[in-house]
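*Asks:* Can you read through this structure? Questions will come right after.
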Amino acid sequence: MHAEFPGAFAAIASVRRIGVTRESPGWAFVSAIGASFFASAVIQLLAFIVYPLLFPPTHEQVIYVSPRVIWEGAGAMGAGAVAVRAGGFSAALLYVAFQIALLAAQIPARTFACARVAAFNAGACDWSVFLGQRWTLWFALALGIAASRWLAPREREENTVLRAAGAYGLVFAAFASVGSMLLFLAVLPNTPINSSGPFPIVTPTEVPLYATALGEIIGAVLAGVLLARRSLAPALLIALLLIGPSFANGVPLWRAQSNAMAFPLPMWVGMFAWLWSPLIAVLALFIAWALARKRNLLLAPM
């Protein structure tokens with residue numbers, strides 16, 4: 001086959017492989033989260049363009065694949081490949097533990113819904129469904145680990161950009177999970193509910209919203225500090241991938257809300273979290289990058 005298609009094999013061989021530097025399992029774990037951030041954000045942006053073409057909403061689909069499964073799978077593949085290539089299987093195990101922790105953080109929400117909401121789908125309350133719902137992520141992670149050899153080893157250069165994106169992703173996920181757990185463990189169980197009707201009406205709360213926004217800002221600050229020794233380009237890339245998926249999700253919803261400005265302020269803040277939260281995070285990223293870079297320049301002559 002190589003003799004029959006020499007041009008194709010030559011083109012494949014000429015493709016420059018992505019380089020990853022070997023590092024400690026801890027940093028490799030952070031870099032793996034960064035790889036997941038890059039892969040999932042890029043695929044998510046592409047999915048908004050390609051997905052309606054592959055699965056037109058006006059046609060009945062024989063097989064339905066959620067777009068979230070696609071970009072989460074891409075992120076898991078990138079994480080698995082970088083984790084093993086940069087830090088070995090120890091880093092991959094850390095990433096698996098991280099995903100299990102995120103899954104465990106969803107248990108309070110599931111328990112609350114199954115116990116309080118009578119009309120909740122009984123099948124979704126089955127533990128086998130809960131534990132097996134992320135099988136696509138584990139499968140994609142295994143594919144990424146198997147493909148880790150495709151990444152080229154790189155010397156004398158740290159995985160700074162991956163670390164920065166990973167620090168953002170780690171803090172963001174941690175704060176989002178804590179916010180969700182606070183809501184379903186502390187806030188809602190102590191909130192009066194109206195049991196009339198098929199769904200109890202709970203008092204709305206913005207605990208997860210503000211926890212997620214705070215995590216987004218703190219993560220962006222850490223990313224900016226880690227990028228202080230790099231040029232503006234990596235920070236700009238992370239900023240674009242940070243706001244891109246959020247805007248792609250939020251703008252269509254905003255256009256559908258013709259009377260959004262008539263809503264009260266708390267509801268308005270929640271509706272437009274896709275706008276103000278990533279913008280503040282991007283601003284924090286650039287401020288942290290500029291201040292840390294200035295500090296490095298001042299300390300350089302010493």
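Residues in the structure tokens are numbered from 1 in each chain, the chains being A, B, ... in the order shown, and ligands are numbered from 1 in the order shown.
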Apply DSSP to the backbone of this structure and, from region 41-264 of chain A, keep only the residues in alpha helix (DSSP H); write these as an NGL selection string.

*Replies:* :A and (41-54 or 67-87 or 89-104 or 107-116 or 127-132 or 135-146 or 160-182 or 207-226 or 232-256)

*Asks:* Please list as a VMD selection string every residue within 10 Å of Leu103 (chain A), counting only C-alpha atoms and excluding residues in the same chain fewer than 3 positions away.

*Replies:* chain A and resid 97 to 100 106 to 107 130 to 131 134 177

*Asks:* Tell me, in Å to one decimal, how far CA of Tyr95 (chain A) is from CA of Gly219 (chain A).

*Replies:*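 So the two atoms, CA of Tyr95 (chain A) and CA of Gly219 (chain A), lie 17.8 Å apart.
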
*Asks:* Just to confirm, what's the straight-line distance from CA of Leu94 (chain A) to CA of Tyr210 (chain A) in Å (one decimal)?

*Replies:*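 Computing it gives 27.4 Å between the two atoms.
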
*Asks:* Report the residues of region 50-253 of chain A whose backbone DSSP state falls under strand (DSSP E), written as a PyMOL selection string.

*Replies:* chain A and resi 152-154+193-194+201-202

*Asks:* Find the spatial neighbours of region 287-294 of chain A, counting only C-alpha atoms, within a cut-off of 10 Å - ignore same-chain residues fewer than 2 positions away - and output them as a list in words.

*Replies:* Ala220, Val221, Leu222, Ala223, Gly224, Val225, Leu226, Leu227, Ala228, Arg229, Arg230, Ser231, Leu232, Ala235, Ala281, Val282, Leu283, Ala284, Leu285, Asn296, Leu297, Leu298, Leu299 and Ala300 of chain A

*Asks:* Measuring between only C-alpha atoms, which one of A:Leu241, A:Leu102, A:Leu185, A:Met271 shows the shortest distance to Ile43 (chain A)?

*Replies:*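 Going through A:Leu241, A:Leu102, A:Leu185, A:Met271 one by one, the smallest distance to Ile43 (chain A) is for A:Leu241.
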
*Asks:* Expressed in Å to a single decimal, how great is the separation between CA of Ala152 (chain A) and CA of Thr21 (chain A)?

*Replies:*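 Between CA of Ala152 (chain A) and CA of Thr21 (chain A) the gap is 8.5 Å.
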
*Asks:* Do you know which residues are at most 10 Å from Gly270 (chain A) counting only C-alpha atoms, after dropping those on the same chain fewer than 6 positions away, and could you put them as a ChimeraX atom specification?

*Replies:* /A:205-206,209-210,276

*Asks:* Take the residues from that selection and write them out as a tab-separated table (two decimals), in the first residue's frame, keeping C-alpha atoms.

*Replies:*
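The result, stored in again.tsv:
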```tsv
chain	number	residue	atom	x	y	z
A	205	THR	CA	-31.05	31.00	43.99
A	206	GLU	CA	-27.89	32.18	42.29
A	209	LEU	CA	-24.10	31.01	39.23
A	210	TYR	CA	-21.90	33.20	41.40
A	276	TRP	CA	-20.66	39.26	31.86
```

*Asks:* Pick the closest to Gly73 (chain A) from A:Ala113, A:Ala91, A:Val20, A:Leu141: which is it, counting only C-alpha atoms?

*Replies:*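 Among A:Ala113, A:Ala91, A:Val20, A:Leu141, it is A:Leu141 that comes nearest to Gly73 (chain A).
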
*Asks:* Which neighbours of region 27-30 of chain A fall inside 12 Å, counting only C-alpha atoms, when residues of the same chain fewer than 2 positions from it are skipped, and could you give them as a PyMOL selection string?

*Replies:* chain A and resi 20-25+32-37+78-99+158-171+223+226

*Asks:* Of the candidates A:Leu183, A:Leu237, A:Leu151, A:Ala105, which one gets nearest to Gly19 (chain A) if we count only C-alpha atoms?

*Replies:* A:Leu151

*Asks:* Counting only C-alpha atoms, which residue out of A:Gly244, A:Pro278, A:Gly215, A:Pro108 sits closest to Phe172 (chain A)?

*Replies:*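 Of A:Gly244, A:Pro278, A:Gly215, A:Pro108, the one nearest Phe172 (chain A), counting only C-alpha atoms, is A:Gly215.
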